[in-house]
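Source file: target.pdb; contents: PDB, C-alpha atoms, pLDDT in the B column.
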ATOM      1  CA  MET L   1     -20.567  88.691  13.549  1.00 49.00           C
ATOM      2  CA  VAL L   2     -17.464  88.208  11.522  1.00 50.00           C
ATOM      3  CA  HIS L   3     -15.807  87.005  14.672  1.00 56.00           C
ATOM      4  CA  ILE L   4     -18.523  84.401  15.260  1.00 59.00           C
ATOM      5  CA  ALA L   5     -18.342  83.333  11.627  1.00 58.00           C
ATOM      6  CA  ASN L   6     -14.568  82.873  11.949  1.00 60.00           C
ATOM      7  CA  ARG L   7     -15.055  80.787  15.064  1.00 55.00           C
ATOM      8  CA  LYS L   8     -17.643  78.648  13.346  1.00 55.00           C
ATOM      9  CA  ALA L   9     -15.313  78.204  10.378  1.00 55.00           C
ATOM     10  CA  LYS L  10     -12.456  77.179  12.700  1.00 53.00           C
ATOM     11  CA  ILE L  11     -14.708  74.727  14.571  1.00 53.00           C
ATOM     12  CA  THR L  12     -15.963  73.306  11.304  1.00 56.00           C
ATOM     13  CA  SER L  13     -12.385  73.081  10.067  1.00 56.00           C
ATOM     14  CA  LEU L  14     -11.362  71.296  13.295  1.00 53.00           C
ATOM     15  CA  ASP L  15     -14.300  68.907  13.010  1.00 58.00           C
ATOM     16  CA  GLU L  16     -13.342  68.139   9.413  1.00 59.00           C
ATOM     17  CA  ASN L  17      -9.681  67.644  10.388  1.00 60.00           C
ATOM     18  CA  THR L  18     -10.705  65.434  13.294  1.00 64.00           C
ATOM     19  CA  GLU L  19     -12.957  63.401  11.023  1.00 66.00           C
ATOM     20  CA  TYR L  20     -10.129  63.171   8.497  1.00 62.00           C
ATOM     21  CA  PHE L  21      -7.664  61.944  11.156  1.00 69.00           C
ATOM     22  CA  ASP L  22     -10.253  59.531  12.566  1.00 76.00           C
ATOM     23  CA  LEU L  23     -10.801  58.106   9.080  1.00 81.00           C
ATOM     24  CA  ASN L  24      -7.043  57.820   8.524  1.00 82.00           C
ATOM     25  CA  GLU L  25      -6.670  56.011  11.832  1.00 85.00           C
ATOM     26  CA  LYS L  26      -9.521  53.667  10.972  1.00 85.00           C
ATOM     27  CA  VAL L  27      -8.036  52.974   7.531  1.00 87.00           C
ATOM     28  CA  ALA L  28      -4.593  52.330   9.055  1.00 87.00           C
ATOM     29  CA  SER L  29      -6.123  50.099  11.704  1.00 88.00           C
ATOM     30  CA  LEU L  30      -8.120  48.154   9.099  1.00 90.00           C
ATOM     31  CA  GLU L  31      -5.032  47.767   6.904  1.00 91.00           C
ATOM     32  CA  GLY L  32      -3.075  46.416   9.892  1.00 90.00           C
ATOM     33  CA  GLU L  33      -5.907  44.012  10.661  1.00 91.00           C
ATOM     34  CA  LYS L  34      -6.032  42.990   6.987  1.00 91.00           C
ATOM     35  CA  HIS L  35      -2.288  42.214   6.990  1.00 92.00           C
ATOM     36  CA  PHE L  36      -2.628  40.280  10.239  1.00 92.00           C
ATOM     37  CA  LEU L  37      -5.498  38.236   8.818  1.00 91.00           C
ATOM     38  CA  LEU L  38      -3.584  37.592   5.590  1.00 90.00           C
ATOM     39  CA  ARG L  39      -0.569  36.329   7.572  1.00 91.00           C
ATOM     40  CA  THR L  40      -2.874  34.156   9.662  1.00 89.00           C
ATOM     41  CA  VAL L  41      -4.476  32.710   6.527  1.00 89.00           C
ATOM     42  CA  GLU L  42      -1.028  32.037   5.040  1.00 88.00           C
ATOM     43  CA  LYS L  43       0.050  30.257   8.227  1.00 86.00           C
ATOM     44  CA  LEU L  44      -3.144  28.181   8.250  1.00 84.00           C
ATOM     45  CA  GLU L  45      -2.703  27.281   4.588  1.00 85.00           C
ATOM     46  CA  ALA L  46       0.913  26.282   5.262  1.00 82.00           C
ATOM     47  CA  SER L  47      -0.088  24.159   8.250  1.00 82.00           C
ATOM     48  CA  GLY L  48      -2.944  22.708   6.190  1.00 79.00           C
ATOM     49  CA  ASN L  49      -0.451  21.755   3.493  1.00 80.00           C
ATOM     50  CA  ASN L  50       1.782  20.168   6.129  1.00 84.00           C
ATOM     51  CA  LEU L  51      -1.194  18.244   7.478  1.00 84.00           C
ATOM     52  CA  ARG L  52      -2.059  17.068   3.961  1.00 85.00           C
ATOM     53  CA  VAL L  53       1.519  15.887   3.479  1.00 87.00           C
ATOM     54  CA  GLU L  54       1.430  14.094   6.843  1.00 89.00           C
ATOM     55  CA  LEU L  55      -1.942  12.556   5.980  1.00 91.00           C
ATOM     56  CA  GLU L  56      -0.640  11.260   2.656  1.00 93.00           C
ATOM     57  CA  ALA L  57       2.423   9.826   4.419  1.00 94.00           C
ATOM     58  CA  LYS L  58       0.175   8.083   6.967  1.00 95.00           C
ATOM     59  CA  LYS L  59      -2.004   6.718   4.153  1.00 96.00           C
ATOM     60  CA  ARG L  60       1.089   5.290   2.447  1.00 96.00           C
ATOM     61  CA  GLU L  61       2.271   3.837   5.752  1.00 96.00           C
ATOM     62  CA  ILE L  62      -1.133   2.236   6.358  1.00 96.00           C
ATOM     63  CA  GLY L  63      -1.114   0.851   2.813  1.00 95.00           C
ATOM     64  CA  GLY L  64       2.315  -0.673   3.426  1.00 96.00           C
ATOM     65  CA  LEU L  65       1.191  -2.166   6.727  1.00 96.00           C
ATOM     66  CA  LYS L  66      -1.922  -3.620   5.083  1.00 97.00           C
ATOM     67  CA  GLN L  67       0.269  -5.201   2.409  1.00 97.00           C
ATOM     68  CA  LYS L  68       2.552  -6.689   5.082  1.00 97.00           C
ATOM     69  CA  LEU L  69      -0.511  -8.028   6.904  1.00 97.00           C
ATOM     70  CA  VAL L  70      -1.765  -9.694   3.731  1.00 97.00           C
ATOM     71  CA  GLU L  71       1.681 -11.233   3.162  1.00 97.00           C
ATOM     72  CA  LEU L  72       1.798 -12.474   6.759  1.00 97.00           C
ATOM     73  CA  MET L  73      -1.670 -13.985   6.437  1.00 97.00           C
ATOM     74  CA  ILE L  74      -0.586 -15.815   3.277  1.00 97.00           C
ATOM     75  CA  LYS L  75       2.575 -17.062   5.001  1.00 97.00           C
ATOM     76  CA  HIS L  76       0.510 -18.146   8.005  1.00 97.00           C
ATOM     77  CA  ARG L  77      -1.853 -20.147   5.760  1.00 97.00           C
ATOM     78  CA  GLU L  78       1.133 -21.769   4.035  1.00 97.00           C
ATOM     79  CA  TRP L  79       2.734 -22.552   7.400  1.00 96.00           C
ATOM     80  CA  LYS L  80      -0.540 -24.035   8.671  1.00 96.00           C
ATOM     81  CA  ARG L  81      -0.838 -26.210   5.559  1.00 96.00           C
ATOM     82  CA  GLU L  82       2.752 -27.402   6.016  1.00 96.00           C
ATOM     83  CA  LYS L  83       2.128 -28.086   9.695  1.00 96.00           C
ATOM     84  CA  ASP L  84      -1.031 -30.050   8.897  1.00 96.00           C
ATOM     85  CA  LEU L  85       0.822 -31.981   6.205  1.00 96.00           C
ATOM     86  CA  LEU L  86       3.702 -32.766   8.588  1.00 96.00           C
ATOM     87  CA  TYR L  87       1.197 -33.900  11.214  1.00 96.00           C
ATOM     88  CA  MET L  88      -0.442 -36.242   8.689  1.00 96.00           C
ATOM     89  CA  VAL L  89       2.942 -37.627   7.582  1.00 96.00           C
ATOM     90  CA  LYS L  90       3.991 -38.140  11.203  1.00 95.00           C
ATOM     91  CA  ASN L  91       0.765 -39.956  11.989  1.00 95.00           C
ATOM     92  CA  GLU L  92       1.098 -42.094   8.871  1.00 95.00           C
ATOM     93  CA  LEU L  93       4.700 -42.950   9.762  1.00 95.00           C
ATOM     94  CA  ALA L  94       3.688 -43.795  13.304  1.00 95.00           C
ATOM     95  CA  LYS L  95       0.867 -45.991  12.026  1.00 94.00           C
ATOM     96  CA  ARG L  96       3.181 -47.771   9.551  1.00 94.00           C
ATOM     97  CA  THR L  97       5.865 -48.215  12.190  1.00 94.00           C
ATOM     98  CA  ARG L  98       3.332 -49.632  14.632  1.00 94.00           C
ATOM     99  CA  GLU L  99       1.949 -51.971  11.971  1.00 94.00           C
ATOM    100  CA  GLU L 100       5.477 -53.062  10.997  1.00 94.00           C
ATOM    101  CA  MET L 101       6.365 -53.651  14.606  1.00 95.00           C
ATOM    102  CA  LEU L 102       3.162 -55.643  15.184  1.00 92.00           C
ATOM    103  CA  SER L 103       3.916 -57.645  12.053  1.00 93.00           C
ATOM    104  CA  THR L 104       7.468 -58.282  13.241  1.00 94.00           C
ATOM    105  CA  VAL L 105       6.197 -59.301  16.676  1.00 93.00           C
ATOM    106  CA  SER L 106       3.703 -61.679  15.058  1.00 93.00           C
ATOM    107  CA  GLU L 107       6.434 -63.202  12.908  1.00 93.00           C
ATOM    108  CA  LEU L 108       8.701 -63.596  15.921  1.00 92.00           C
ATOM    109  CA  GLU L 109       5.869 -65.157  17.941  1.00 92.00           C
ATOM    110  CA  ASN L 110       5.178 -67.577  15.070  1.00 92.00           C
ATOM    111  CA  LYS L 111       8.868 -68.486  14.843  1.00 90.00           C
ATOM    112  CA  LEU L 112       8.965 -68.974  18.592  1.00 88.00           C
ATOM    113  CA  GLU L 113       5.918 -71.250  18.472  1.00 87.00           C
ATOM    114  CA  ILE L 114       7.489 -73.249  15.672  1.00 87.00           C
ATOM    115  CA  GLN L 115      10.754 -73.612  17.614  1.00 88.00           C
ATOM    116  CA  GLU L 116       8.906 -74.648  20.737  1.00 82.00           C
ATOM    117  CA  LYS L 117       7.188 -77.528  18.934  1.00 72.00           C
TER     118      LYS L 117
END
Could you quickly redo this structure as C-alpha cells?
Amino acid sequence: MVHIANRKAKITSLDENTEYFDLNEKVASLEGEKHFLLRTVEKLEASGNNLRVELEAKKREIGGLKQKLVELMIKHREWKREKDLLYMVKNELAKRTREEMLSTVSELENKLEIQEK
C-alpha cells in the first residue's frame, strides 16, 4: 500500500506541476497578448493623432479657400459694376455723338439750303 500511496503522490505531484506549467503558459500567453494589444492601441492612437492633424490642416485649407472665394465674389461684383458703368458711359457717348452728328448734319443742310437760294 505504501507503493500505491507513493504512486498516487507522484501522480498528484505531476498533475499539480502540469497545472502549474499550464497556468504559467497561460499567464505568459496573456501577457504577450496584452503587450500586443497595447502596441496596437498605441499605433491606433498615433494614427488617430495624425488623422486629427490632417483634419485640422484640411479645415484650415478649406477656410482659406472659402476666404479666397469670398474675395473673388467681391471682385466679380466690382468688375460687373465697372462693366455696367462702362457700358452706360459707352451708350451715352454713342448717343451724344449721334445727336451731335445729327445736329451737325442739320446745320450743314440748313447752310446748304441757304446757299442754294
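One finds atom CA of Arg77 of chain L at 24.3 Å from atom CA of Glu61 of chain L.
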Legend entry - Computed interatomic separation between atom CA of Lys34 of chain L and atom CA of Gly48 of chain L (Å):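 Rounded to one decimal, the two atoms are 20.5 Å apart.
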Legend entry - atom CA of Asn50 of chain L to atom CA of Leu38 of chain L, straight-line distance in Å: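 Going from atom CA of Leu38 of chain L over to atom CA of Asn50 of chain L, I get 18.2 Å.
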Box time for segment 92-102 of chain L: axis-aligned, enclosing all its listed atoms, 5 Å extra on each side; report centre and edge lengths in Å to one decimal, as AutoDock Vina command-line options.
--center_x 3.6 --center_y -48.9 --center_z 12.0 --size_x 15.5 --size_y 23.5 --size_z 16.3
